[in-house]
file my_file16.cif (mmCIF, C-alpha atoms)
data_model
loop_
_atom_site.label_atom_id
_atom_site.label_comp_id
_atom_site.auth_asym_id
_atom_site.auth_seq_id
_atom_site.Cartn_x
_atom_site.Cartn_y
_atom_site.Cartn_z
CA MET A 1414 0.00 0.00 0.00
CA THR A 1415 1.52 3.30 -1.13
CA GLN A 1416 1.50 6.14 1.40
CA VAL A 1417 0.24 9.26 -0.40
CA SER A 1418 0.11 12.84 0.84
CA VAL A 1419 -2.18 15.19 -1.09
CA ILE A 1420 -1.54 18.87 -0.46
CA GLY A 1421 -4.60 21.00 -1.15
CA ALA A 1422 -8.25 20.24 -0.40
CA GLY A 1423 -9.80 21.99 -3.38
CA VAL A 1424 -11.57 20.09 -6.12
CA ILE A 1425 -8.36 18.77 -7.70
CA GLY A 1426 -6.89 17.66 -4.37
CA LEU A 1427 -10.06 15.94 -3.15
CA ALA A 1428 -10.65 14.28 -6.51
CA CYS A 1429 -7.06 12.98 -6.49
CA ALA A 1430 -7.50 11.74 -2.93
CA THR A 1431 -10.72 9.99 -3.94
CA ALA A 1432 -9.16 8.29 -6.97
CA MET A 1433 -6.12 7.17 -4.99
CA THR A 1434 -8.21 5.93 -2.06
CA GLU A 1435 -10.33 3.94 -4.49
CA ALA A 1436 -7.12 2.49 -5.97
CA GLY A 1437 -6.21 1.13 -2.53
CA HIS A 1438 -3.56 3.63 -1.45
CA ASP A 1439 -3.21 5.07 2.06
CA VAL A 1440 -4.00 8.77 1.59
CA THR A 1441 -3.81 11.83 3.82
CA VAL A 1442 -4.94 15.26 2.60
CA TYR A 1443 -3.38 18.43 4.02
CA ASP A 1444 -4.70 21.96 3.56
CA ARG A 1445 -3.35 25.18 5.00
CA GLY A 1446 -6.84 26.66 5.48
CA GLU A 1447 -8.64 26.33 8.77
CA GLY A 1448 -11.51 24.62 6.98
CA PRO A 1449 -13.56 24.69 3.79
CA GLY A 1450 -14.26 28.26 2.76
CA PRO A 1451 -13.72 31.20 0.42
CA ALA A 1452 -9.92 30.95 0.55
CA SER A 1453 -10.23 28.06 -1.92
CA CYS A 1454 -10.82 28.76 -5.60
CA SER A 1455 -13.19 25.79 -5.68
CA TRP A 1456 -15.49 27.61 -3.25
CA TRP A 1457 -16.38 30.10 -5.99
CA ALA A 1458 -16.84 27.65 -8.86
CA GLY A 1459 -19.98 27.68 -10.97
CA GLY A 1460 -20.31 23.91 -10.80
CA MET A 1461 -21.51 23.53 -14.38
CA LEU A 1462 -20.86 20.09 -15.84
CA ALA A 1463 -21.20 21.42 -19.36
CA PRO A 1464 -18.60 19.85 -21.67
CA TRP A 1465 -20.40 20.69 -24.92
CA CYS A 1466 -21.02 24.31 -24.00
CA GLU A 1467 -17.38 24.65 -22.98
CA GLY A 1468 -16.41 23.18 -26.35
CA GLU A 1469 -17.32 26.56 -27.87
CA SER A 1470 -13.92 27.92 -26.85
CA ALA A 1471 -12.06 25.14 -25.02
CA GLU A 1472 -9.52 22.64 -26.29
CA GLU A 1473 -10.75 19.23 -27.45
CA PRO A 1474 -9.89 17.27 -24.24
CA VAL A 1475 -12.26 19.46 -22.23
CA GLU A 1476 -15.25 18.20 -24.16
CA ARG A 1477 -14.11 14.59 -24.48
CA LEU A 1478 -12.95 14.05 -20.91
CA GLY A 1479 -15.45 16.45 -19.40
CA ALA A 1480 -18.32 14.33 -20.72
CA GLU A 1481 -17.21 11.59 -18.32
CA ALA A 1482 -17.43 13.91 -15.32
CA LEU A 1483 -21.22 13.76 -15.04
CA ASP A 1484 -21.23 10.05 -14.19
CA TRP A 1485 -18.16 10.39 -11.94
CA TRP A 1486 -19.77 13.01 -9.74
CA ALA A 1487 -23.22 11.40 -9.75
CA GLU A 1488 -21.72 8.11 -8.56
CA ARG A 1489 -19.92 9.75 -5.62
CA VAL A 1490 -21.98 12.65 -4.30
CA ASP A 1491 -25.62 13.60 -4.00
CA GLY A 1492 -27.26 16.54 -5.68
CA VAL A 1493 -26.00 16.28 -9.26
CA ALA A 1494 -28.74 17.70 -11.49
CA ARG A 1495 -28.82 16.32 -15.02
CA ASN A 1496 -31.48 18.42 -16.70
CA GLY A 1497 -29.31 20.19 -19.26
CA SER A 1498 -28.23 23.76 -19.77
CA LEU A 1499 -29.61 26.62 -21.79
CA VAL A 1500 -27.83 29.23 -23.91
CA VAL A 1501 -29.77 32.38 -24.79
CA ALA A 1502 -29.10 35.72 -26.42
CA PRO A 1503 -31.13 38.89 -26.96
CA ALA A 1504 -32.66 39.19 -30.42
CA ARG A 1505 -30.06 41.79 -31.43
CA ASP A 1506 -27.31 39.24 -30.68
CA ALA A 1507 -28.81 36.37 -32.69
CA ALA A 1508 -25.57 36.14 -34.67
CA ASP A 1509 -23.71 35.27 -31.47
CA LEU A 1510 -26.14 32.42 -30.82
CA ARG A 1511 -25.63 31.09 -34.35
CA ARG A 1512 -21.87 31.29 -33.89
CA PHE A 1513 -22.13 29.41 -30.59
CA GLU A 1514 -24.19 26.73 -32.32
CA ARG A 1515 -21.59 26.28 -35.08
CA ARG A 1516 -18.79 25.82 -32.56
CA THR A 1517 -20.54 23.26 -30.35
CA ARG A 1518 -22.15 19.84 -30.55
CA ASN A 1519 -25.14 18.05 -29.03
CA ALA A 1520 -27.38 21.13 -28.89
CA GLU A 1521 -31.01 21.42 -29.86
CA LYS A 1522 -32.09 24.75 -31.32
CA ILE A 1523 -35.36 25.70 -29.68
CA ASP A 1524 -37.92 28.48 -30.04
CA GLY A 1525 -39.60 30.75 -27.54
CA GLU A 1526 -42.40 28.30 -26.81
CA ARG A 1527 -39.95 25.55 -25.91
CA ILE A 1528 -37.91 27.99 -23.79
CA ALA A 1529 -41.07 28.74 -21.82
CA GLU A 1530 -41.68 25.02 -21.28
CA LEU A 1531 -38.17 24.54 -19.91
CA GLU A 1532 -37.94 27.79 -17.93
CA PRO A 1533 -41.38 29.38 -17.41
CA ASP A 1534 -39.88 32.54 -15.88
CA LEU A 1535 -38.08 33.23 -19.17
CA ALA A 1536 -41.31 33.04 -21.20
CA GLY A 1537 -41.48 35.78 -23.81
CA ARG A 1538 -37.97 37.05 -23.11
CA PHE A 1539 -36.03 35.21 -25.82
CA ARG A 1540 -36.98 34.04 -29.30
CA GLN A 1541 -34.40 31.30 -29.68
CA ALA A 1542 -32.01 29.31 -27.53
CA LEU A 1543 -29.72 26.31 -27.57
CA PHE A 1544 -30.62 23.46 -25.25
CA PHE A 1545 -27.82 21.07 -24.25
CA ALA A 1546 -29.97 18.32 -22.77
CA GLY A 1547 -27.09 16.04 -21.77
CA GLU A 1548 -25.36 18.51 -19.47
CA GLY A 1549 -25.73 18.99 -15.74
CA HIS A 1550 -24.65 20.97 -12.72
CA LEU A 1551 -23.93 20.67 -9.03
CA ASP A 1552 -23.40 22.85 -5.98
CA PRO A 1553 -19.59 22.88 -5.61
CA ARG A 1554 -19.62 23.41 -1.86
CA ALA A 1555 -22.03 20.55 -1.28
CA ALA A 1556 -20.17 18.31 -3.74
CA LEU A 1557 -16.83 18.84 -2.01
CA ALA A 1558 -18.47 18.18 1.36
CA GLY A 1559 -19.76 14.94 -0.14
CA LEU A 1560 -16.26 13.94 -1.24
CA ARG A 1561 -14.87 14.72 2.22
CA GLN A 1562 -17.55 12.56 3.82
CA ARG A 1563 -16.85 9.74 1.38
CA LEU A 1564 -13.12 9.95 2.12
CA ALA A 1565 -13.73 9.92 5.87
CA GLU A 1566 -15.90 6.82 5.57
CA ALA A 1567 -13.05 5.13 3.67
CA GLY A 1568 -10.57 6.05 6.41
CA THR A 1569 -8.81 8.81 4.47
CA ARG A 1570 -7.78 11.75 6.62
CA VAL A 1571 -8.38 15.38 5.61
CA ARG A 1572 -6.35 17.68 7.86
CA TYR A 1573 -7.02 21.40 7.76
CA GLY A 1574 -4.75 24.00 9.29
CA GLU A 1575 -1.59 22.18 8.16
CA ASP A 1576 0.57 24.04 5.65
CA ARG A 1577 2.79 21.33 4.17
CA ASP A 1578 5.73 21.80 1.80
CA PRO A 1579 5.68 19.18 -0.98
CA GLU A 1580 9.42 18.71 -0.58
CA THR A 1581 9.17 17.68 3.08
CA ALA A 1582 5.65 16.24 3.31
CA PRO A 1583 5.47 12.61 4.48
CA GLY A 1584 4.67 9.69 2.26
CA ASP A 1585 6.00 7.61 -0.61
CA VAL A 1586 4.23 9.95 -3.05
CA VAL A 1587 3.25 13.59 -2.63
CA VAL A 1588 0.54 15.11 -4.84
CA ASP A 1589 0.84 18.88 -5.04
CA ALA A 1590 -2.68 20.18 -5.73
CA ARG A 1591 -2.26 23.68 -4.32
CA GLY A 1592 -3.48 25.51 -7.41
CA PHE A 1593 -2.10 29.02 -7.83
CA MET A 1594 -0.25 28.71 -4.53
CA ALA A 1595 2.14 26.34 -6.35
CA ARG A 1596 3.10 28.91 -8.99
CA SER A 1597 6.75 28.95 -7.88
CA ALA A 1598 7.04 25.36 -9.10
CA PHE A 1599 6.21 26.33 -12.70
CA ASP A 1600 7.65 28.77 -15.22
CA ASP A 1601 4.38 29.34 -17.06
CA LEU A 1602 1.52 29.05 -14.56
CA ARG A 1603 -0.51 32.24 -14.76
CA GLY A 1604 -3.53 33.60 -12.96
CA VAL A 1605 -6.90 34.28 -14.58
CA LYS A 1606 -8.98 36.36 -12.22
CA GLY A 1607 -12.65 35.56 -11.83
CA GLU A 1608 -15.27 37.75 -10.18
CA MET A 1609 -18.71 36.46 -9.31
CA LEU A 1610 -21.80 37.14 -7.22
CA VAL A 1611 -24.23 35.05 -5.19
CA LEU A 1612 -27.75 36.51 -5.34
CA ARG A 1613 -31.04 35.60 -3.73
CA THR A 1614 -34.49 36.40 -5.02
CA ALA A 1615 -37.90 34.82 -4.70
CA GLU A 1616 -39.01 36.44 -7.97
CA VAL A 1617 -37.08 34.16 -10.36
CA ALA A 1618 -36.96 30.38 -10.59
CA LEU A 1619 -34.60 28.47 -12.88
CA SER A 1620 -34.16 24.72 -13.17
CA ARG A 1621 -30.80 24.66 -14.93
CA PRO A 1622 -27.79 26.86 -15.71
CA VAL A 1623 -28.50 29.60 -18.22
CA ARG A 1624 -25.76 31.26 -20.26
CA LEU A 1625 -26.46 34.68 -21.66
CA LEU A 1626 -24.41 35.68 -24.69
CA HIS A 1627 -23.96 39.29 -23.69
CA PRO A 1628 -21.94 41.69 -25.90
CA ARG A 1629 -19.55 42.74 -23.12
CA ILE A 1630 -19.32 39.69 -20.86
CA PRO A 1631 -20.71 36.19 -21.46
CA LEU A 1632 -22.67 35.48 -18.31
CA TYR A 1633 -23.87 32.34 -16.59
CA ILE A 1634 -26.46 32.01 -13.88
CA VAL A 1635 -26.58 28.74 -11.96
CA PRO A 1636 -29.46 27.92 -9.60
CA ARG A 1637 -28.45 26.78 -6.12
CA GLY A 1638 -31.95 26.20 -4.79
CA GLU A 1639 -34.16 28.20 -2.41
CA GLY A 1640 -33.92 31.29 -4.60
CA VAL A 1641 -30.10 31.43 -4.56
CA PHE A 1642 -28.10 31.89 -7.77
CA MET A 1643 -24.43 32.00 -8.66
CA VAL A 1644 -23.75 34.72 -11.24
CA GLY A 1645 -20.40 34.76 -13.01
CA ALA A 1646 -17.84 35.23 -14.13
CA THR A 1647 -15.18 37.52 -15.48
CA MET A 1648 -11.93 36.25 -17.00
CA ILE A 1649 -9.11 38.73 -16.47
CA GLU A 1650 -5.41 38.04 -16.94
CA SER A 1651 -4.37 38.91 -13.40
CA ASP A 1652 -3.21 37.23 -10.20
CA GLU A 1653 -5.13 39.68 -8.01
CA ARG A 1654 -7.54 37.76 -5.80
CA ASP A 1655 -8.95 40.21 -3.27
CA ARG A 1656 -10.85 42.97 -5.10
CA ILE A 1657 -13.86 43.11 -7.37
CA SER A 1658 -13.90 46.05 -9.77
CA ALA A 1659 -16.84 48.41 -10.12
CA ARG A 1660 -16.98 47.50 -13.81
CA ALA A 1661 -17.29 43.79 -13.04
CA MET A 1662 -20.00 44.41 -10.47
CA MET A 1663 -22.00 46.51 -12.93
CA GLU A 1664 -21.60 44.03 -15.78
CA LEU A 1665 -22.56 41.01 -13.69
CA LEU A 1666 -25.62 42.74 -12.31
CA GLY A 1667 -26.46 44.22 -15.71
CA GLY A 1668 -26.23 40.80 -17.32
CA ALA A 1669 -28.47 39.26 -14.67
CA TYR A 1670 -30.96 42.08 -15.23
CA ALA A 1671 -30.84 41.45 -18.99
CA LEU A 1672 -31.78 37.83 -18.34
CA HIS A 1673 -34.66 38.81 -16.06
CA PRO A 1674 -35.47 42.28 -14.65
CA ALA A 1675 -36.46 40.80 -11.28
CA PHE A 1676 -32.76 40.33 -10.53
CA ALA A 1677 -32.60 44.11 -10.02
CA GLU A 1678 -34.26 43.59 -6.65
CA ALA A 1679 -32.19 40.55 -5.66
CA GLU A 1680 -30.21 40.46 -2.44
CA ILE A 1681 -26.45 40.22 -2.88
CA LEU A 1682 -25.39 37.44 -0.50
CA GLU A 1683 -21.72 37.09 -1.46
CA ILE A 1684 -19.10 38.74 -3.64
CA GLY A 1685 -16.41 36.34 -4.80
CA VAL A 1686 -12.97 37.00 -6.27
CA ASP A 1687 -10.30 34.41 -6.93
CA VAL A 1688 -7.64 33.33 -9.39
CA ARG A 1689 -7.87 30.31 -11.67
CA PRO A 1690 -4.47 28.63 -12.14
CA SER A 1691 -3.88 28.32 -15.87
CA PHE A 1692 -1.19 27.24 -18.32
CA PRO A 1693 -0.79 28.82 -21.78
CA ASP A 1694 -3.02 26.22 -23.49
CA ASN A 1695 -5.67 26.42 -20.72
CA LEU A 1696 -5.38 22.67 -20.15
CA PRO A 1697 -4.43 20.99 -16.89
CA ARG A 1698 -1.03 19.44 -16.45
CA LEU A 1699 0.61 16.65 -14.51
CA THR A 1700 4.33 16.86 -13.81
CA ARG A 1701 6.53 14.41 -11.97
CA GLU A 1702 9.66 15.27 -10.00
CA GLY A 1703 10.91 12.31 -8.01
CA ARG A 1704 8.16 11.38 -5.58
CA ILE A 1705 6.24 14.63 -6.21
CA ILE A 1706 3.36 14.66 -8.69
CA ARG A 1707 1.94 18.10 -9.40
CA ALA A 1708 -1.65 18.39 -10.65
CA ASN A 1709 -2.50 21.92 -11.67
CA GLY A 1710 -3.83 24.34 -14.27
CA ALA A 1711 -7.51 23.41 -14.46
CA TYR A 1712 -8.35 27.00 -15.59
CA ARG A 1713 -12.15 27.35 -15.56
CA HIS A 1714 -12.76 23.60 -15.82
CA GLY A 1715 -12.00 22.43 -12.29
CA PHE A 1716 -15.12 20.36 -11.62
CA LEU A 1717 -15.35 19.27 -15.24
CA LEU A 1718 -11.78 17.94 -15.54
CA ALA A 1719 -10.95 17.00 -11.94
CA PRO A 1720 -12.13 13.38 -12.41
CA ALA A 1721 -9.94 12.82 -15.47
CA LEU A 1722 -6.93 14.56 -13.94
CA ALA A 1723 -7.35 12.58 -10.71
CA ALA A 1724 -7.61 9.27 -12.56
CA GLN A 1725 -4.43 10.04 -14.48
CA ALA A 1726 -2.58 11.07 -11.32
CA ALA A 1727 -3.71 7.87 -9.59
CA GLY A 1728 -2.49 5.92 -12.61
CA LEU A 1729 0.95 7.46 -12.18
CA VAL A 1730 1.04 6.34 -8.55
CA SER A 1731 0.03 2.78 -9.43
CA ASP A 1732 2.28 2.60 -12.52
CA PRO A 1733 5.08 5.20 -12.62
CA SER A 1734 5.94 4.12 -16.17
CA SER A 1735 2.51 5.11 -17.51
CA GLN A 1736 2.11 8.06 -19.86
CA PRO A 1737 -1.25 9.71 -19.08
CA GLU A 1738 -2.58 12.32 -21.45
CA PHE A 1739 -1.99 15.31 -19.17
CA LEU A 1740 1.55 14.32 -18.24
CA HIS A 1741 3.60 17.30 -19.38
CA GLU A 1742 6.49 15.25 -20.78
CA HIS A 1743 3.94 13.30 -22.81
CA HIS A 1744 2.54 16.53 -24.26
CA ARG A 1745 5.99 17.66 -25.32
CA GLN A 1746 6.73 14.33 -26.98
CA ARG A 1747 3.39 14.34 -28.78
CA ARG A 1748 3.86 17.87 -30.14
CA THR A 1749 7.32 17.09 -31.49
CA ALA A 1750 6.44 13.63 -32.84
#
call {"tool": "encode", "arguments": {"input": "my_file16.cif", "output": "structure tokens"}}
result
Amino acid sequence: MTQVSVIGAGVIGLACATAMTEAGHDVTVYDRGEGPGPASCSWWAGGMLAPWCEGESAEEPVERLGAEALDWWAERVDGVARNGSLVVAPARDAADLRRFERRTRNAEKIDGERIAELEPDLAGRFRQALFFAGEGHLDPRAALAGLRQRLAEAGTRVRYGEDRDPETAPGDVVVDARGFMARSAFDDLRGVKGEMLVLRTAEVALSRPVRLLHPRIPLYIVPRGEGVFMVGATMIESDERDRISARAMMELLGGAYALHPAFAEAEILEIGVDVRPSFPDNLPRLTREGRIIRANGAYRHGFLLAPALAAQAAGLVSDPSSQPEFLHEHHRQRRTA
């Protein structure tokens, strides 16, 4: 039984711990935070399991591997909704909707009547939409709590308040899943700032994530239940993680209002700002340095790609000679082949 230390209890760290526990290894997770909370980038995630929507701008592995994430999460945690996602645009931006349709797969083009059937509160507001019936979503905070509970039941320890250095952490294998905090270990890990809001209103009900193709900022609104919605998110090349700009606040609220005017009276419950760790190709990466495996760079696809990244990391622990897709040396060899 291999002794594994996982450093970082965000979505990548907990997914890696889950995969390695399931593979029969003895795993301990360490996190420098005092407990789950807003200090983790995963806390502010949208939680959309939307591989085909993401295919509009993402690299091919995001769609292919992300499609497997829906089953992975549904088999391990409660609360995974699998009722699709909706992409809408104002009539003046119909060209943007057509462009989105050309760049994606597995979408049904629907009219206003069908929109009203799916989301009654959007009746009469949009003439056309794209419905991705096979997609889903989850509440990231609840999903991570579910993984922690599952790990505890399997005997895996998750220790908060312990800031471990990968170089000196115990174990036969150390998995560095610290996200942007591990930037000193890479030459090309950059930050992509995201700003988001959590709103509450009793005047709007949605059953699935809705993406609004807005001219200034593509917006998503994800229902959390009981009138709570996650509204996001900006993508700014910056490693600043403690300030939302006035412009972002106005654009997020303006986009929510454009989706439904009742959001103008919503209560702002939370304002979130954090940095997504990203490599130049916006794909995650595994690197191996002696006993240290680094899993990083999920960009905006943390919950979508964590299962695949975790499975590949666990494969490296079980078979160090393996060449998983996200192993960085493997990428270099493939590009020069």
call {"tool": "resolve_selection", "arguments": {"input": "my_file16.cif", "expression": "the PyMOL selection byres ((chain A and resi 1624-1628) around 10)", "output": "ChimeraX atom specification"}}
result
/A:1466,1498-1503,1505-1507,1509-1510,1513,1542-1543,1621-1623,1629-1635,1644-1645,1664,1667-1669,1671-1672
call {"tool": "atom_distance", "arguments": {"input": "my_file16.cif", "atom1": "atom CA of A:Ser1453", "atom2": "atom CA of A:Gly1423"}}
result
6.3 Å
call {"tool": "residues_around", "arguments": {"input": "my_file16.cif", "residues": "A:Glu1526", "least_positions_apart": "4", "cutoff": "10 Å", "atoms": "only C-alpha atoms", "output": "ChimeraX atom specification"}}
result
/A:1530-1533,1536-1537,1539-1541
call {"tool": "residues_near_point", "arguments": {"input": "my_file16.cif", "point": "(-26.2, 19.7, -1.4)", "cutoff": "12 Å", "atoms": "all atoms listed in the file", "output": "list in words"}}
result
Gly1460, Val1490, Asp1491, Gly1492, Val1493, Ala1494, His1550, Leu1551, Asp1552, Pro1553, Arg1554, Ala1555, Ala1556, Leu1557, Ala1558, Gly1559, Leu1560, Arg1637, Gly1638 and Glu1639 of chain A
call {"tool": "atom_distance", "arguments": {"input": "my_file16.cif", "atom1": "atom CA of A:Ala1482", "atom2": "atom CA of A:Pro1697"}}
result
14.9 Å
call {"tool": "residues_around", "arguments": {"input": "my_file16.cif", "residues": "A:Glu1575", "least_positions_apart": "4", "cutoff": "6 Å", "atoms": "all atoms listed in the file", "output": "ChimeraX atom specification"}}
result
/A:1443-1445
call {"tool": "write_last_selection", "arguments": {"input": "my_file16.cif", "atoms": "C-alpha atoms", "output": "PDB file, in the coordinates of the input"}}
result
ATOM      1  CA  TYR A1443      -3.380  18.430   4.020  1.00  0.00           C
ATOM      2  CA  ASP A1444      -4.700  21.960   3.560  1.00  0.00           C
ATOM      3  CA  ARG A1445      -3.350  25.180   5.000  1.00  0.00           C
TER       4      ARG A1445
END
call {"tool": "resolve_selection", "arguments": {"input": "my_file16.cif", "expression": "the PyMOL selection byres ((chain A and resi 1678) around 12)", "output": "PyMOL selection string"}}
result
chain A and resi 1612-1617+1666-1667+1669-1670+1673-1677+1679-1681
call {"tool": "residues_around", "arguments": {"input": "my_file16.cif", "residues": "A:Glu1521", "least_positions_apart": "4", "cutoff": "8 Å", "atoms": "all atoms listed in the file", "output": "mmCIF file with C-alpha atoms, in the coordinates of the input"}}
result
data_model
loop_
_atom_site.group_PDB
_atom_site.id
_atom_site.type_symbol
_atom_site.label_atom_id
_atom_site.label_comp_id
_atom_site.auth_asym_id
_atom_site.auth_seq_id
_atom_site.Cartn_x
_atom_site.Cartn_y
_atom_site.Cartn_z
ATOM 1 C CA LEU A 1543 -29.720 26.310 -27.570
ATOM 2 C CA PHE A 1544 -30.620 23.460 -25.250
ATOM 3 C CA PHE A 1545 -27.820 21.070 -24.250
ATOM 4 C CA ALA A 1546 -29.970 18.320 -22.770
#
call {"tool": "resolve_selection", "arguments": {"input": "my_file16.cif", "expression": "the PyMOL selection byres ((chain A and resi 1580-1594) around 7)", "output": "MDAnalysis selection string"}}
result
chainID A and resid 1415:1421 1425:1426 1577:1579 1595:1596 1690 1704:1710
call {"tool": "atom_distance", "arguments": {"input": "my_file16.cif", "atom1": "atom CA of A:Ala1618", "atom2": "atom CA of A:Ala1529"}}
result
12.1 Å
call {"tool": "residues_around", "arguments": {"input": "my_file16.cif", "residues": "A:Cys1454", "least_positions_apart": "2", "cutoff": "8 Å", "atoms": "all atoms listed in the file", "output": "VMD selection string"}}
result
chain A and resid 1423 1451 to 1452 1456 to 1458 1687 to 1689
